[in-house]
Amino acid sequence: MLSWRRMALVVLALAAAKGVIALVGADQSQPAAEPPDSFTPSPEFQEWITNLVRQQLPEDYEKRKNWGHTAKSFDGVSIKVEDGRIKTHRKYEQKNDGEWQMYRVKLKDPEEKFDINIANIRKLPNGKVGLEITVVASLEVFGRQSLWQHGVQLYSLSAEADARVRLWASAEIATHMDLTRFPPDISLDPQITAARLEIPDFRMRRIGEFHGPVVRSLSHATREALESKLEEDNQKIVDKLNRAIDKQEKKLKLSLADVLKSKWNGLVKGLSPSQRSSRYNLALRPIIAETEEIMAAVRVLVGTKKGAFILTADGKRKKWTVSGPLFSGWEIYHLKGSPVDPNRIYASQTSGWFGQVIQRSDDGGKTWIQPGTPPGEPTTTPEGMPKGESNKFVYDTSPETGKLTTHQFYDGTQHPWEFKRVWHVEPSLNDPDTVYAGVEDAALFRSTDGGKSWQELAGLRGHGTGPKWSPGAGGMGLHTIIFDPSNPKRIYIAISAAGNFRTDDGGQTWKAINRGLKSPYLPEPTPEVGFCVHRIALHPSNPNVLFMQLHQGGGIFRSDNGGDLWQEVNGNLPTDFGFPIDVHAHEASTIYSVPMDPYMRVPPEGKLRVFRSKTGGNEWEPLTKGLPQENCYVNVLRDAMCVDSLDDCGVYFGTTGGQVYCSADSGNSWNPVVRDLPGVLSVEVQTLP
């Protein structure tokens with residue numbers, strides 16, 4: 001029930017670290033008393049480790065067997081008359097079939113009814129660390145079983161129950177140190193020597209629609225059956241846990257630097273005063289500060305003209321691993337991870353030949369699926385060519401909400417909306433299955449089922465200015481989607497070349513927010529729409545302050561009131577043209593821009609420079625250390641710059657020449673992560689724990 005193996009690994013790793021430091025951390029400068037035969041950590045430590053494991057476990061766990069299974073079933077005969085001849089064809093349809101089973105287990109009141117106790121930590125004669133672990137949890141259990149035959153449901157039965165479970169285990173842990181690293185890595189070799197799983201309390205609440213005495217009787221019988229089964233399984237549980245631990249060997253290698261950094265407060269609380277003040281522990285404090293950057297990791301997602309690449313590093317961001325290309329040969333306009341589940345990544349894979357495909361990974365980019373393709377349906381054509389999914393993005397043409405059918409074309413005439421590709425994907429801030437897509441021709445779509453199906457938020461195109469929207473040089477694309485973290489109903493979007501829009505009701509209605517912008521290239525200098533906005537950005541702590549990179553003749557703009565009014569903040573920038581703009585992760589008034597020559601679309605004077613303003617614009621400084629300062633003629637596109645959220649904010653950007661640069665110190669210095677990729681279209685970064 002729940003992830004007992006995962007929980008056991010967390011407890012074993014932390015308890016081993018606790019034991020190692022406690023048993024070897026005595027002050028060596030003075031004669032020390034022999035360590036006690038065993039000790040039990042303080043209540044503060046017990047509470048801390050309980051909270052930590054509670055955070056590691058999902059509050060609910062669901063498992064399904066054959067749920068949703070279908071089978072091909074005969075569905076009659078179709079009759080057609082072709083060329084005077086009658087032809088018949090058998091028809092088949094996928095229908096629900098087989099035995100469907102599912103159960104869901106949920107932690108019941110985890111703040112109060114989930115406890116971990118670690119006791120009897122001791123140094124064994126064989127040099128190992130011994131300990132005993134007891135875990136007690138209260139659970140809500142729901143189960144359901146259905147039987148289908150050729151689309152007909154023969155029966156469906158569900159049940160609900162409350163249970164309290166107790167897992168006790170005794171373990172011995174050997175530790176091996178890798179002294180080639182400093183602080184050294186520790187490899188843990190745990191062995192469960194005894195274990196027991198019990199159900200102290202079990203009560204069935206409901207079976208189908210039945211309650212009362214019948215359920216109580218069945219509940220008693222069910223508990224007896226479960227206890228009998230557990231009695232049998234307890235003879236095997238030690239072997240099962242040890243096999244599970246053996247499979248997780250790699251996860252049992254931990255960095256001492258990580259432990260000292262993230263677990264320091266809890267470990268120190270659990271030590272005695274003499275251990276806490278020992279020279280050994282005091283000497284570790286500088287190491288803790290030095291290893292802060294080792295703790296986290298970053299995953300950089302790079303979309304290019306010829307595929308996607310994933311770049312990974314630890315928090316120091318010095319040594320990188322490059323994997324790819326993924327989706328080789330395809331244009332990957334954008335890929336981005338969910339802030340809720342970092343392993344969930346969405347990618348826009350597009351081709352002028354084969355159409356649009358949305359890809360999704362649920363394991364951090366290791367494997368990918370096309371969620372819009374029904375199970376069993378091939379992802380290639382009969383000829384073996386990639387099968388695009390353009391038809392999955394269908395403009396709303398309903399009489400109620402889809403009244404807008406044309407926009408302004410390059411020559412000034414009205415032109416029908418035609419779907420071409422997805423420019424940008426933006427996962428929701430609070431649900432990994434909800435994701436938004438900005439497309440060309442400009443429209444906003446949303447999926448609430450992980451990319452399987454998409455619905456247009458037609459209120460945007462239905463804005464009264466729609467017929468005045470026109471494409472920029474690269475097409476009429478919706479390229480920026482920004483959520484206001486303080487207001488779930490507020491969304492900002494930007495379209496090239498229409499301008500900025502904001503919704504305050506979750507996408508039903510929209511407001512053009514372009515007042516204060518100017519362009520010498522438009523028939524009227526201050527229209528409501530028609531601006532070629534290249535990018536907008538905000539800082540989550542101050543979502544009413546927006547920054548924008550506008551097309552040449554405009555430059556950098558800032559709004560302090562959610563886009564209602566803009567003011568130019570170009571200041572001392574060398575040009576008013578560029579594509580990306582971004583905001584420091586921890587400093588809401590520190591912004592970054594990469595100016596370009598407005599005619600050649602390359603760095604002015606052949607010098608690649610990132611400019612930073614710490615005052616929200618007007619006052620800019622060039623950041624050049626590590627960047628080429630002669631004969632550099634690349635461009636940096638609108639989605640090709642991002643920042644991570646580590647303490648020393650990392651800044652990243654990719655170029656059309658295939659370079660990806662990283663600054664691990666907020667832009668003060670730069671290093672190339674990789675060179676000679678295909679032209680970079682987008683760069684996004686995930687900060688991983």
# chains A, B, ... in the order shown; residues from 1 in each chain; ligands from 1
call {"tool": "residues_around", "arguments": {"residues": "Leu444 in chain A", "least_positions_apart": "2", "cutoff": "6 Å", "atoms": "only C-alpha atoms", "output": "VMD selection string"}}
result
chain A and resid 437 to 438 456 to 457
call {"tool": "write_last_selection", "arguments": {"atoms": "all heavy atoms", "output": "PDB file, in the first residue's frame"}}
result
ATOM      1  N   ALA A 437      -1.506  25.967 -25.488  1.00  0.00           N
ATOM      2  CA  ALA A 437      -0.705  26.018 -26.707  1.00  0.00           C
ATOM      3  C   ALA A 437      -1.028  27.287 -27.477  1.00  0.00           C
ATOM      4  O   ALA A 437      -2.199  27.585 -27.738  1.00  0.00           O
ATOM      5  CB  ALA A 437      -0.974  24.788 -27.580  1.00  0.00           C
ATOM      6  N   GLY A 438       0.018  28.032 -27.838  1.00  0.00           N
ATOM      7  CA  GLY A 438      -0.125  29.179 -28.725  1.00  0.00           C
ATOM      8  C   GLY A 438       0.224  28.759 -30.132  1.00  0.00           C
ATOM      9  O   GLY A 438       1.291  28.168 -30.369  1.00  0.00           O
ATOM     10  N   GLU A 456     -10.146  25.274 -28.303  1.00  0.00           N
ATOM     11  CA  GLU A 456      -9.746  26.674 -28.463  1.00  0.00           C
ATOM     12  C   GLU A 456     -10.450  27.547 -27.432  1.00  0.00           C
ATOM     13  O   GLU A 456     -11.649  27.359 -27.159  1.00  0.00           O
ATOM     14  CB  GLU A 456     -10.082  27.183 -29.859  1.00  0.00           C
ATOM     15  CG  GLU A 456      -9.578  28.609 -30.075  1.00  0.00           C
ATOM     16  CD  GLU A 456     -10.080  29.251 -31.354  1.00  0.00           C
ATOM     17  OE1 GLU A 456     -10.871  28.613 -32.085  1.00  0.00           O
ATOM     18  OE2 GLU A 456      -9.697  30.413 -31.623  1.00  0.00           O
ATOM     19  N   LEU A 457      -9.722  28.495 -26.855  1.00  0.00           N
ATOM     20  CA  LEU A 457     -10.331  29.559 -26.065  1.00  0.00           C
ATOM     21  C   LEU A 457     -10.707  30.655 -27.052  1.00  0.00           C
ATOM     22  O   LEU A 457      -9.961  31.603 -27.297  1.00  0.00           O
ATOM     23  CB  LEU A 457      -9.355  30.062 -25.000  1.00  0.00           C
ATOM     24  CG  LEU A 457      -8.885  29.011 -23.984  1.00  0.00           C
ATOM     25  CD1 LEU A 457      -7.971  29.634 -22.944  1.00  0.00           C
ATOM     26  CD2 LEU A 457     -10.071  28.352 -23.300  1.00  0.00           C
TER      27      LEU A 457
END
call {"tool": "select_by_dssp", "arguments": {"residues": "range 97-169 of chain A", "states": "strand (DSSP E or B)", "output": "ChimeraX atom specification"}}
result
/A:98-107,114-123,129-149,152-169
call {"tool": "write_last_selection", "arguments": {"atoms": "C-alpha atoms", "output": "PDB file, in the first residue's frame"}}
result
ATOM      1  CA  GLY A  98     -13.045  -7.928 -19.804  1.00  0.00           C
ATOM      2  CA  GLU A  99     -12.630  -7.595 -16.072  1.00  0.00           C
ATOM      3  CA  TRP A 100     -11.681  -4.074 -14.953  1.00  0.00           C
ATOM      4  CA  GLN A 101     -10.103  -3.586 -11.542  1.00  0.00           C
ATOM      5  CA  MET A 102      -8.857  -0.521  -9.724  1.00  0.00           C
ATOM      6  CA  TYR A 103      -8.059   0.495  -6.192  1.00  0.00           C
ATOM      7  CA  ARG A 104      -7.020   3.743  -4.615  1.00  0.00           C
ATOM      8  CA  VAL A 105      -5.264   4.176  -1.272  1.00  0.00           C
ATOM      9  CA  LYS A 106      -5.070   7.596   0.339  1.00  0.00           C
ATOM     10  CA  LEU A 107      -3.227   8.753   3.420  1.00  0.00           C
ATOM     11  CA  PHE A 114       1.329   9.210   9.865  1.00  0.00           C
ATOM     12  CA  ASP A 115       4.325   8.517  12.104  1.00  0.00           C
ATOM     13  CA  ILE A 116       7.810   7.113  11.751  1.00  0.00           C
ATOM     14  CA  ASN A 117       9.874   5.976  14.698  1.00  0.00           C
ATOM     15  CA  ILE A 118      13.563   5.129  14.429  1.00  0.00           C
ATOM     16  CA  ALA A 119      15.078   3.441  17.448  1.00  0.00           C
ATOM     17  CA  ASN A 120      18.052   1.461  18.643  1.00  0.00           C
ATOM     18  CA  ILE A 121      20.620   3.013  16.282  1.00  0.00           C
ATOM     19  CA  ARG A 122      23.848   1.222  17.092  1.00  0.00           C
ATOM     20  CA  LYS A 123      27.257   0.364  15.754  1.00  0.00           C
ATOM     21  CA  VAL A 129      24.965   0.502  11.516  1.00  0.00           C
ATOM     22  CA  GLY A 130      21.924  -1.235  12.935  1.00  0.00           C
ATOM     23  CA  LEU A 131      18.518   0.318  13.509  1.00  0.00           C
ATOM     24  CA  GLU A 132      14.824  -0.426  13.853  1.00  0.00           C
ATOM     25  CA  ILE A 133      12.057   1.398  11.994  1.00  0.00           C
ATOM     26  CA  THR A 134       8.331   1.502  12.720  1.00  0.00           C
ATOM     27  CA  VAL A 135       5.902   3.213  10.368  1.00  0.00           C
ATOM     28  CA  VAL A 136       2.242   3.694  11.241  1.00  0.00           C
ATOM     29  CA  ALA A 137      -0.270   5.142   8.777  1.00  0.00           C
ATOM     30  CA  SER A 138      -4.032   5.577   8.591  1.00  0.00           C
ATOM     31  CA  LEU A 139      -5.477   4.927   5.158  1.00  0.00           C
ATOM     32  CA  GLU A 140      -8.678   5.355   3.210  1.00  0.00           C
ATOM     33  CA  VAL A 141      -9.166   2.496   0.743  1.00  0.00           C
ATOM     34  CA  PHE A 142     -11.447   2.454  -2.282  1.00  0.00           C
ATOM     35  CA  GLY A 143     -11.810  -0.458  -4.683  1.00  0.00           C
ATOM     36  CA  ARG A 144     -13.930  -1.134  -7.721  1.00  0.00           C
ATOM     37  CA  GLN A 145     -14.398  -4.067 -10.064  1.00  0.00           C
ATOM     38  CA  SER A 146     -16.451  -4.213 -13.256  1.00  0.00           C
ATOM     39  CA  LEU A 147     -17.082  -6.984 -15.765  1.00  0.00           C
ATOM     40  CA  TRP A 148     -17.769  -6.097 -19.403  1.00  0.00           C
ATOM     41  CA  GLN A 149     -18.637  -8.293 -22.343  1.00  0.00           C
ATOM     42  CA  VAL A 152     -22.338  -4.651 -22.001  1.00  0.00           C
ATOM     43  CA  GLN A 153     -21.586  -4.159 -18.312  1.00  0.00           C
ATOM     44  CA  LEU A 154     -22.495  -7.376 -16.495  1.00  0.00           C
ATOM     45  CA  TYR A 155     -21.794  -6.008 -13.038  1.00  0.00           C
ATOM     46  CA  SER A 156     -19.945  -3.255 -11.202  1.00  0.00           C
ATOM     47  CA  LEU A 157     -19.090  -3.399  -7.504  1.00  0.00           C
ATOM     48  CA  SER A 158     -17.288  -0.833  -5.355  1.00  0.00           C
ATOM     49  CA  ALA A 159     -16.195  -0.771  -1.720  1.00  0.00           C
ATOM     50  CA  GLU A 160     -14.776   1.750   0.734  1.00  0.00           C
ATOM     51  CA  ALA A 161     -12.828   1.050   3.926  1.00  0.00           C
ATOM     52  CA  ASP A 162     -10.659   2.643   6.620  1.00  0.00           C
ATOM     53  CA  ALA A 163      -7.478   0.919   7.743  1.00  0.00           C
ATOM     54  CA  ARG A 164      -4.507   1.496   9.992  1.00  0.00           C
ATOM     55  CA  VAL A 165      -1.309  -0.312   9.009  1.00  0.00           C
ATOM     56  CA  ARG A 166       1.980  -0.774  10.823  1.00  0.00           C
ATOM     57  CA  LEU A 167       5.281  -1.712   9.188  1.00  0.00           C
ATOM     58  CA  TRP A 168       8.180  -2.730  11.458  1.00  0.00           C
ATOM     59  CA  ALA A 169      11.621  -3.543  10.136  1.00  0.00           C
TER      60      ALA A 169
END
call {"tool": "residues_around", "arguments": {"residues": "range 360-377 of chain A", "least_positions_apart": "6", "cutoff": "10 Å", "atoms": "only C-alpha atoms", "output": "number ranges by chain"}}
result
A: 299, 301, 309-310, 323, 326-327, 335-337, 341-348, 387-389, 392, 432, 449-454
call {"tool": "write_last_selection", "arguments": {"atoms": "N, CA and C atoms", "output": "tab-separated table (two decimals), in the first residue's frame"}}
result
chain	number	residue	atom	x	y	z
A	299	ARG	N	17.96	20.93	-15.58
A	299	ARG	CA	17.70	20.25	-16.85
A	299	ARG	C	17.31	21.31	-17.87
A	301	LEU	N	16.12	22.30	-21.56
A	301	LEU	CA	15.39	21.74	-22.70
A	301	LEU	C	15.60	22.65	-23.90
A	309	PHE	N	17.21	18.66	-27.72
A	309	PHE	CA	18.34	18.21	-26.93
A	309	PHE	C	18.05	18.50	-25.46
A	310	ILE	N	18.54	17.63	-24.58
A	310	ILE	CA	18.39	17.82	-23.13
A	310	ILE	C	19.78	17.90	-22.51
A	323	SER	N	22.14	15.03	-24.20
A	323	SER	CA	21.46	13.90	-24.83
A	323	SER	C	20.61	14.42	-25.99
A	326	LEU	N	16.53	14.35	-30.04
A	326	LEU	CA	15.22	13.72	-30.00
A	326	LEU	C	14.41	14.25	-31.18
A	327	PHE	N	13.57	13.39	-31.76
A	327	PHE	CA	12.72	13.79	-32.90
A	327	PHE	C	13.61	14.35	-34.02
A	335	LEU	N	9.70	23.30	-26.10
A	335	LEU	CA	9.39	22.24	-25.15
A	335	LEU	C	9.58	22.79	-23.75
A	336	LYS	N	8.69	22.37	-22.84
A	336	LYS	CA	8.70	22.93	-21.50
A	336	LYS	C	8.15	21.91	-20.51
A	337	GLY	N	8.71	21.94	-19.28
A	337	GLY	CA	8.29	21.02	-18.24
A	337	GLY	C	7.24	21.61	-17.33
A	341	ASP	N	4.94	18.79	-11.87
A	341	ASP	CA	5.63	17.51	-12.00
A	341	ASP	C	6.76	17.69	-12.99
A	342	PRO	N	8.01	17.85	-12.53
A	342	PRO	CA	9.12	18.14	-13.45
A	342	PRO	C	9.39	17.02	-14.45
A	343	ASN	N	8.90	15.82	-14.19
A	343	ASN	CA	9.08	14.74	-15.15
A	343	ASN	C	8.12	14.83	-16.33
A	344	ARG	N	7.09	15.65	-16.20
A	344	ARG	CA	6.13	15.84	-17.29
A	344	ARG	C	6.64	16.98	-18.19
A	345	ILE	N	6.95	16.65	-19.43
A	345	ILE	CA	7.47	17.62	-20.39
A	345	ILE	C	6.61	17.55	-21.64
A	346	TYR	N	6.25	18.71	-22.17
A	346	TYR	CA	5.51	18.79	-23.43
A	346	TYR	C	6.42	19.38	-24.51
A	347	ALA	N	6.26	18.92	-25.74
A	347	ALA	CA	7.09	19.41	-26.84
A	347	ALA	C	6.22	19.61	-28.09
A	348	SER	N	6.52	20.69	-28.81
A	348	SER	CA	5.86	20.95	-30.09
A	348	SER	C	6.80	20.53	-31.21
A	387	LYS	N	3.28	10.78	-38.90
A	387	LYS	CA	1.86	11.15	-39.02
A	387	LYS	C	1.58	12.37	-38.17
A	388	GLY	N	1.36	13.49	-38.80
A	388	GLY	CA	1.08	14.72	-38.08
A	388	GLY	C	-0.31	14.72	-37.48
A	389	GLU	N	-0.55	15.63	-36.57
A	389	GLU	CA	-1.83	15.68	-35.87
A	389	GLU	C	-2.46	17.07	-35.99
A	392	LYS	N	-5.92	17.93	-34.77
A	392	LYS	CA	-6.24	17.99	-33.35
A	392	LYS	C	-6.41	19.44	-32.87
A	432	PRO	N	-0.49	19.10	-13.84
A	432	PRO	CA	0.37	18.63	-14.93
A	432	PRO	C	-0.39	18.20	-16.17
A	449	ASP	N	-6.34	17.12	-20.51
A	449	ASP	CA	-6.13	15.67	-20.39
A	449	ASP	C	-4.73	15.28	-20.85
A	450	GLY	N	-3.77	16.14	-20.55
A	450	GLY	CA	-2.38	15.80	-20.86
A	450	GLY	C	-2.03	15.83	-22.32
A	451	GLY	N	-2.76	16.62	-23.12
A	451	GLY	CA	-2.44	16.76	-24.53
A	451	GLY	C	-3.18	15.81	-25.44
A	452	LYS	N	-4.13	15.04	-24.91
A	452	LYS	CA	-4.89	14.13	-25.77
A	452	LYS	C	-5.84	14.88	-26.68
A	453	SER	N	-6.48	15.92	-26.15
A	453	SER	CA	-7.44	16.69	-26.94
A	453	SER	C	-7.25	18.17	-26.61
A	454	TRP	N	-7.63	19.02	-27.56
A	454	TRP	CA	-7.41	20.46	-27.42
A	454	TRP	C	-8.69	21.21	-27.77
call {"tool": "atom_distance", "arguments": {"atom1": "CA of Ser559 in chain A", "atom2": "CA of Val636 in chain A"}}
result
23.7 Å
call {"tool": "closest_atom_pairs", "arguments": {"of": "range 522-567 of chain A", "to": "range 640-649 of chain A", "cutoff": "12 Å", "atoms": "only C-alpha atoms", "output": "tab-separated table"}}
result
residue	atom	partner	partner_atom	distance
A:His534	CA	A:Ala640	CA	11.8
A:Arg535	CA	A:Met641	CA	10.5
A:Ile536	CA	A:Met641	CA	11.9
A:Ala537	CA	A:Cys642	CA	10.3
A:Leu538	CA	A:Cys642	CA	12.0
A:His539	CA	A:Val643	CA	11.1
A:Pro540	CA	A:Ser645	CA	11.6
call {"tool": "residues_around", "arguments": {"residues": "Val298 in chain A", "least_positions_apart": "2", "cutoff": "8 Å", "atoms": "only C-alpha atoms", "output": "list in words"}}
result
Ala296, Val300, Thr312, Ala313, Asp314, Gly315, Arg317, Asp644, Val685, Gln686, Thr687 and Leu688 of chain A
call {"tool": "write_last_selection", "arguments": {"atoms": "C-alpha atoms", "output": "PDB file, in the first residue's frame"}}
result
ATOM      1  CA  ALA A 296      20.061  20.808  -6.862  1.00  0.00           C
ATOM      2  CA  VAL A 300      17.863  22.514 -19.906  1.00  0.00           C
ATOM      3  CA  THR A 312      21.767  18.300 -17.507  1.00  0.00           C
ATOM      4  CA  ALA A 313      24.141  19.374 -14.744  1.00  0.00           C
ATOM      5  CA  ASP A 314      24.322  19.688 -10.979  1.00  0.00           C
ATOM      6  CA  GLY A 315      23.847  23.006  -9.217  1.00  0.00           C
ATOM      7  CA  ARG A 317      26.474  24.107 -13.723  1.00  0.00           C
ATOM      8  CA  ASP A 644      16.757  28.984 -13.327  1.00  0.00           C
ATOM      9  CA  VAL A 685      15.310  25.259 -17.835  1.00  0.00           C
ATOM     10  CA  GLN A 686      13.985  23.140 -14.976  1.00  0.00           C
ATOM     11  CA  THR A 687      15.453  23.456 -11.499  1.00  0.00           C
ATOM     12  CA  LEU A 688      15.330  19.988  -9.991  1.00  0.00           C
TER      13      LEU A 688
END
call {"tool": "residues_around", "arguments": {"residues": "range 575-592 of chain A", "least_positions_apart": "2", "cutoff": "6 Å", "atoms": "only C-alpha atoms", "output": "MDAnalysis selection string"}}
result
chainID A and resid 534:535 537 539 551:552 555 573 594:596 598 611:616 637:638 645
call {"tool": "write_last_selection", "arguments": {"atoms": "N, CA and C atoms", "output": "short mmCIF file (atom, residue, chain, number, x, y, z; two decimals), in the first residue's frame"}}
result
data_model
loop_
_atom_site.label_atom_id
_atom_site.label_comp_id
_atom_site.auth_asym_id
_atom_site.auth_seq_id
_atom_site.Cartn_x
_atom_site.Cartn_y
_atom_site.Cartn_z
N HIS A 534 7.62 41.00 -29.55
CA HIS A 534 8.52 39.85 -29.66
C HIS A 534 8.49 38.97 -28.43
N ARG A 535 8.26 39.57 -27.26
CA ARG A 535 8.28 38.76 -26.03
C ARG A 535 7.84 39.61 -24.86
N ALA A 537 7.56 39.36 -20.29
CA ALA A 537 8.01 38.60 -19.13
C ALA A 537 7.56 39.31 -17.87
N HIS A 539 7.93 38.88 -13.19
CA HIS A 539 8.47 38.17 -12.04
C HIS A 539 7.31 37.70 -11.18
N HIS A 551 9.23 45.17 -31.52
CA HIS A 551 9.95 45.26 -32.79
C HIS A 551 10.70 46.60 -32.89
N GLN A 552 11.60 46.68 -33.87
CA GLN A 552 12.36 47.92 -34.05
C GLN A 552 11.43 49.12 -34.18
N GLY A 555 11.40 48.83 -29.02
CA GLY A 555 12.43 48.47 -28.06
C GLY A 555 11.86 47.86 -26.81
N LEU A 573 20.75 51.25 -24.25
CA LEU A 573 20.94 50.07 -25.09
C LEU A 573 21.47 50.47 -26.46
N VAL A 594 18.98 40.88 -25.19
CA VAL A 594 20.08 40.64 -26.13
C VAL A 594 19.82 41.50 -27.37
N PRO A 595 20.34 42.73 -27.40
CA PRO A 595 20.08 43.62 -28.54
C PRO A 595 20.69 43.08 -29.84
N MET A 596 20.01 43.35 -30.93
CA MET A 596 20.47 42.93 -32.25
C MET A 596 20.42 44.12 -33.21
N PRO A 598 19.02 45.95 -36.10
CA PRO A 598 17.64 45.81 -36.57
C PRO A 598 17.51 45.40 -38.03
N PHE A 611 22.62 42.31 -22.18
CA PHE A 611 22.53 43.53 -21.37
C PHE A 611 21.62 43.27 -20.17
N ARG A 612 22.05 43.81 -19.04
CA ARG A 612 21.31 43.64 -17.79
C ARG A 612 20.99 45.00 -17.19
N SER A 613 19.75 45.14 -16.75
CA SER A 613 19.35 46.33 -16.00
C SER A 613 18.89 45.89 -14.62
N LYS A 614 19.42 46.49 -13.59
CA LYS A 614 19.01 46.19 -12.22
C LYS A 614 17.99 47.19 -11.70
N THR A 615 17.54 48.07 -12.58
CA THR A 615 16.58 49.10 -12.19
C THR A 615 15.29 49.01 -12.98
N GLY A 616 15.03 47.85 -13.57
CA GLY A 616 13.81 47.69 -14.34
C GLY A 616 13.82 48.43 -15.66
N LEU A 637 16.64 34.02 -30.58
CA LEU A 637 15.21 34.15 -30.85
C LEU A 637 14.41 34.29 -29.56
N ARG A 638 13.13 34.59 -29.71
CA ARG A 638 12.29 35.04 -28.59
C ARG A 638 12.17 34.02 -27.47
N SER A 645 16.11 28.84 -10.98
CA SER A 645 15.72 29.41 -9.68
C SER A 645 16.69 29.04 -8.56
#
call {"tool": "residues_around", "arguments": {"residues": "Thr448 in chain A", "least_positions_apart": "2", "cutoff": "7 Å", "atoms": "only C-alpha atoms", "output": "tab-separated table (two decimals) with N, CA and C atoms, in the first residue's frame"}}
result
chain	number	residue	atom	x	y	z
A	433	ASP	N	-1.68	17.91	-16.04
A	433	ASP	CA	-2.47	17.50	-17.21
A	433	ASP	C	-3.05	18.68	-17.98
A	434	THR	N	-2.96	19.88	-17.42
A	434	THR	CA	-3.48	21.06	-18.11
A	434	THR	C	-2.32	21.81	-18.74
A	435	VAL	N	-2.45	22.06	-20.04
A	435	VAL	CA	-1.39	22.73	-20.78
A	435	VAL	C	-2.02	23.59	-21.86
A	446	ARG	N	-6.28	24.94	-25.24
A	446	ARG	CA	-6.04	24.37	-23.92
A	446	ARG	C	-6.38	22.88	-23.93
A	450	GLY	N	-3.77	16.14	-20.55
A	450	GLY	CA	-2.38	15.80	-20.86
A	450	GLY	C	-2.03	15.83	-22.32
call {"tool": "closest_residue", "arguments": {"among": "A:Thr624, A:Asn430, A:Asn635, A:Thr509", "to": "Gly459 in chain A", "atoms": "only C-alpha atoms"}}
result
A:Thr509
call {"tool": "residues_around", "arguments": {"residues": "Val569 in chain A", "least_positions_apart": "5", "cutoff": "8 Å", "atoms": "only C-alpha atoms", "output": "PyMOL selection string"}}
result
chain A and resi 555-558+616-618
call {"tool": "write_last_selection", "arguments": {"atoms": "C-alpha atoms", "output": "PDB file, in the first residue's frame"}}
result
ATOM      1  CA  GLY A 555      12.426  48.474 -28.065  1.00  0.00           C
ATOM      2  CA  ILE A 556      12.090  47.609 -24.372  1.00  0.00           C
ATOM      3  CA  PHE A 557       8.895  48.650 -22.602  1.00  0.00           C
ATOM      4  CA  ARG A 558       7.671  48.307 -19.037  1.00  0.00           C
ATOM      5  CA  GLY A 616      13.807  47.686 -14.342  1.00  0.00           C
ATOM      6  CA  GLY A 617      15.122  49.405 -17.477  1.00  0.00           C
ATOM      7  CA  ASN A 618      16.782  52.650 -18.673  1.00  0.00           C
TER       8      ASN A 618
END
